[in-house]
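Taking it in order: structure first as structure tokens, then the write-up.
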Amino acid sequence: MIGVFIGIWMFCFVYFIKPFEIEFFSNTNWVGLGIGFSFLTFLCYGIVAVIQNRVYKKILRWNVFFEIITILCLCLILNIVFYKYSKSSIINSVYNFSFFSFLFAKTSIVLVPLLIFSRLYVVRLIPPKEILLTIRGDNKLDILKVYPSDLVSASSSQNYVEIFYLDNGELSSKLIRSSLKKLHQEIPFLVQVHRSHFINPTHFKSWKNQNTIFLTQMEVSVSKNYKDSILAL
């Protein structure tokens with residue numbers, strides 16, 4: 001999305017500003033030239049995006065410093081690629097590299113803020129990545145890793161807690177030696193609907209009757225003392 005956006009902006013810049021003094025160029029020629037610069041902009045951004053993705057997967061973090069380095073690298077690559085393109089037989093520019101870099105720096109005064117704002121905007125469109133919940137019981141082997149959105153409910157079973165969750169869309173369960181009180185302390189978004197049941201409110205579907213509710217692929221009993229918790233959902 002960002003590559004396409006700045007590519008379109010570069011086309012408009014080349015076509016309307018006409019930064020090169022080429023007298024014999026017609027409007028059709030400038031359209032072709034703008035398309036060329038637009039494609040190079042998109043290609044360069046794509047290359048930088050791939051490198052950025054690989055760096056992120058390796059270091060598993062990202063901050064302002066890495067963002068600045070990414071934008072500076074993109075500007076450097078664009079400067080070199082644009083200069084080479086300007087020296088091709090299509091344009092045959094008389095500008096040397098130093099003067100061309102000066103012209104590109106002035107162009108970047110507008111390009112860089114557009115790039116920053118577009119990257120900030122696109123980041124907001126990306127849904128936040130869920131972090132796996134690690135549920136541990138009293139026994140060393142009592143471990144369950146599940147995404148919060150897949151956790152359906154938890155019920156007490158004597159000295160154990162039976163946790164119901166979705167595994168590839170199918171309801172599964174696991175017994176862990178623990179208590180509902182301890183589990184609720186670790187996972188505070190669970191809502192108590194019965195002395196023996198906690199539910200993930202996002203999986204609440206409807207009431208079956210006055211004492212039972214439908215969750216995703218299961219039913220859970222509700223006691224009178226906790227009905228208000230369900231009615232508030």
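Residue numbering restarts at 1 in every chain; chains get A, B, ... in the order shown in the structure tokens, and ligands count up from 1 in that same order.
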
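Near Leu190 (chain A), within 9 Å and counting only C-alpha atoms, sit Ser153, Ala154, Leu183, His184, Phe198, Ile199, Asn200 and Pro201 of chain A, not including residues fewer than 4 positions from it in the same chain.
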
Handout entry: Within 7 Å of region 40-46 of chain A using only C-alpha atoms, minus same-chain residues under 6 positions, as JSON, numbers by chain
Key = {"A": [3, 4, 7, 74, 77, 78]}

Practice task
Could you give me, as a list in words, the residues within 9 Å of Ile187 (chain A), counting only C-alpha atoms and dropping anything in the same chain fewer than 5 positions from it?
Solution key: Leu133, Ile135, Pro148 and Lys182 of chain A

Problem - Gap from CA of Ile51 (chain A) to CA of Leu115 (chain A) - Å, one decimal - result: 17.0 Å

Exercise for the section: Please return as a ChimeraX atom specification: the residues of region 8-226 of chain A that backbone DSSP assigns to strand (DSSP E or B). Expected result: /A:133-136,143-146,151-157,160-167,170-176,191-194,197-199,204-209,212-215,218-221

Write the selection just made, keeping C-alpha atoms, as a PDB file, in the first residue's frame?
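Result file is out-v2.pdb:
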```pdb
ATOM      1  CA  LEU A 133      -1.202 -17.360  27.123  1.00  0.00           C
ATOM      2  CA  THR A 134       0.859 -19.847  29.073  1.00  0.00           C
ATOM      3  CA  ILE A 135      -1.295 -21.521  31.720  1.00  0.00           C
ATOM      4  CA  ARG A 136       0.693 -23.512  34.286  1.00  0.00           C
ATOM      5  CA  ILE A 143       1.194 -26.487  30.785  1.00  0.00           C
ATOM      6  CA  LEU A 144      -1.250 -25.185  28.219  1.00  0.00           C
ATOM      7  CA  LYS A 145      -0.453 -22.522  25.638  1.00  0.00           C
ATOM      8  CA  VAL A 146      -3.475 -20.921  24.014  1.00  0.00           C
ATOM      9  CA  LEU A 151      -9.962 -19.685  25.368  1.00  0.00           C
ATOM     10  CA  VAL A 152     -13.665 -20.459  25.888  1.00  0.00           C
ATOM     11  CA  SER A 153     -14.174 -21.274  29.572  1.00  0.00           C
ATOM     12  CA  ALA A 154     -12.773 -22.922  32.663  1.00  0.00           C
ATOM     13  CA  SER A 155     -14.546 -25.180  35.180  1.00  0.00           C
ATOM     14  CA  SER A 156     -13.455 -26.612  38.500  1.00  0.00           C
ATOM     15  CA  SER A 157     -13.169 -30.381  38.775  1.00  0.00           C
ATOM     16  CA  TYR A 160      -8.258 -29.611  38.965  1.00  0.00           C
ATOM     17  CA  VAL A 161      -9.427 -26.979  36.520  1.00  0.00           C
ATOM     18  CA  GLU A 162     -10.756 -28.101  33.177  1.00  0.00           C
ATOM     19  CA  ILE A 163      -9.948 -25.525  30.537  1.00  0.00           C
ATOM     20  CA  PHE A 164     -11.994 -25.482  27.348  1.00  0.00           C
ATOM     21  CA  TYR A 165     -10.424 -23.946  24.260  1.00  0.00           C
ATOM     22  CA  LEU A 166     -10.578 -24.030  20.472  1.00  0.00           C
ATOM     23  CA  ASP A 167      -7.976 -26.049  18.654  1.00  0.00           C
ATOM     24  CA  GLU A 170     -12.752 -27.567  17.356  1.00  0.00           C
ATOM     25  CA  LEU A 171     -13.549 -27.504  21.069  1.00  0.00           C
ATOM     26  CA  SER A 172     -10.896 -29.217  23.198  1.00  0.00           C
ATOM     27  CA  SER A 173     -10.214 -29.403  26.911  1.00  0.00           C
ATOM     28  CA  LYS A 174      -7.310 -29.970  29.263  1.00  0.00           C
ATOM     29  CA  LEU A 175      -7.185 -30.744  32.977  1.00  0.00           C
ATOM     30  CA  ILE A 176      -4.659 -28.743  34.998  1.00  0.00           C
ATOM     31  CA  VAL A 191     -15.931 -13.667  33.956  1.00  0.00           C
ATOM     32  CA  GLN A 192     -17.399 -15.804  36.726  1.00  0.00           C
ATOM     33  CA  VAL A 193     -20.899 -17.106  35.979  1.00  0.00           C
ATOM     34  CA  HIS A 194     -21.071 -19.895  38.558  1.00  0.00           C
ATOM     35  CA  HIS A 197     -17.412 -21.810  35.994  1.00  0.00           C
ATOM     36  CA  PHE A 198     -15.570 -18.897  34.445  1.00  0.00           C
ATOM     37  CA  ILE A 199     -16.099 -17.896  30.832  1.00  0.00           C
ATOM     38  CA  PHE A 204     -20.956 -15.825  24.955  1.00  0.00           C
ATOM     39  CA  LYS A 205     -23.682 -16.509  22.367  1.00  0.00           C
ATOM     40  CA  SER A 206     -27.106 -16.477  24.002  1.00  0.00           C
ATOM     41  CA  TRP A 207     -29.268 -17.766  26.820  1.00  0.00           C
ATOM     42  CA  LYS A 208     -30.611 -21.283  26.560  1.00  0.00           C
ATOM     43  CA  ASN A 209     -32.862 -20.843  29.590  1.00  0.00           C
ATOM     44  CA  THR A 212     -27.878 -22.031  31.148  1.00  0.00           C
ATOM     45  CA  ILE A 213     -26.021 -20.071  28.483  1.00  0.00           C
ATOM     46  CA  PHE A 214     -24.637 -21.011  25.100  1.00  0.00           C
ATOM     47  CA  LEU A 215     -20.943 -20.488  24.509  1.00  0.00           C
ATOM     48  CA  MET A 218     -20.701 -25.736  24.544  1.00  0.00           C
ATOM     49  CA  GLU A 219     -23.178 -24.876  27.329  1.00  0.00           C
ATOM     50  CA  VAL A 220     -22.444 -23.583  30.819  1.00  0.00           C
ATOM     51  CA  SER A 221     -24.641 -23.353  33.907  1.00  0.00           C
TER      52      SER A 221
END
```

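Distance check against Ile131 (chain A) using only C-alpha atoms: of A:Asn211, A:Ser179, A:Ser118, A:Ser149, the minimum falls on A:Ser149.
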
Exercise for the section: Would you list the contacts of Val64 (chain A) as a list in words, taking every protein, DNA or RNA residue within 12 Å and counting only C-alpha atoms, but skipping same-chain residues closer than 5 positions in sequence? Expected result: Ile69, Thr70, Ile71, Ile116 and Leu120 of chain A

For the residues in that selection, give me C-alpha atoms as a PDB file, in the first residue's frame.
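The resulting file, selection.pdb, is shown below:
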```pdb
ATOM      1  CA  ILE A  69      17.470   3.968   9.480  1.00  0.00           C
ATOM      2  CA  THR A  70      14.839   2.381   7.214  1.00  0.00           C
ATOM      3  CA  ILE A  71      13.721   5.740   5.797  1.00  0.00           C
ATOM      4  CA  ILE A 116       6.285   8.766   7.703  1.00  0.00           C
ATOM      5  CA  LEU A 120       2.045   5.417  10.786  1.00  0.00           C
TER       6      LEU A 120
END
```

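Our summary of the geometry notes that CA of Val31 (chain A) is positioned 28.3 Å from CA of Val122 (chain A).
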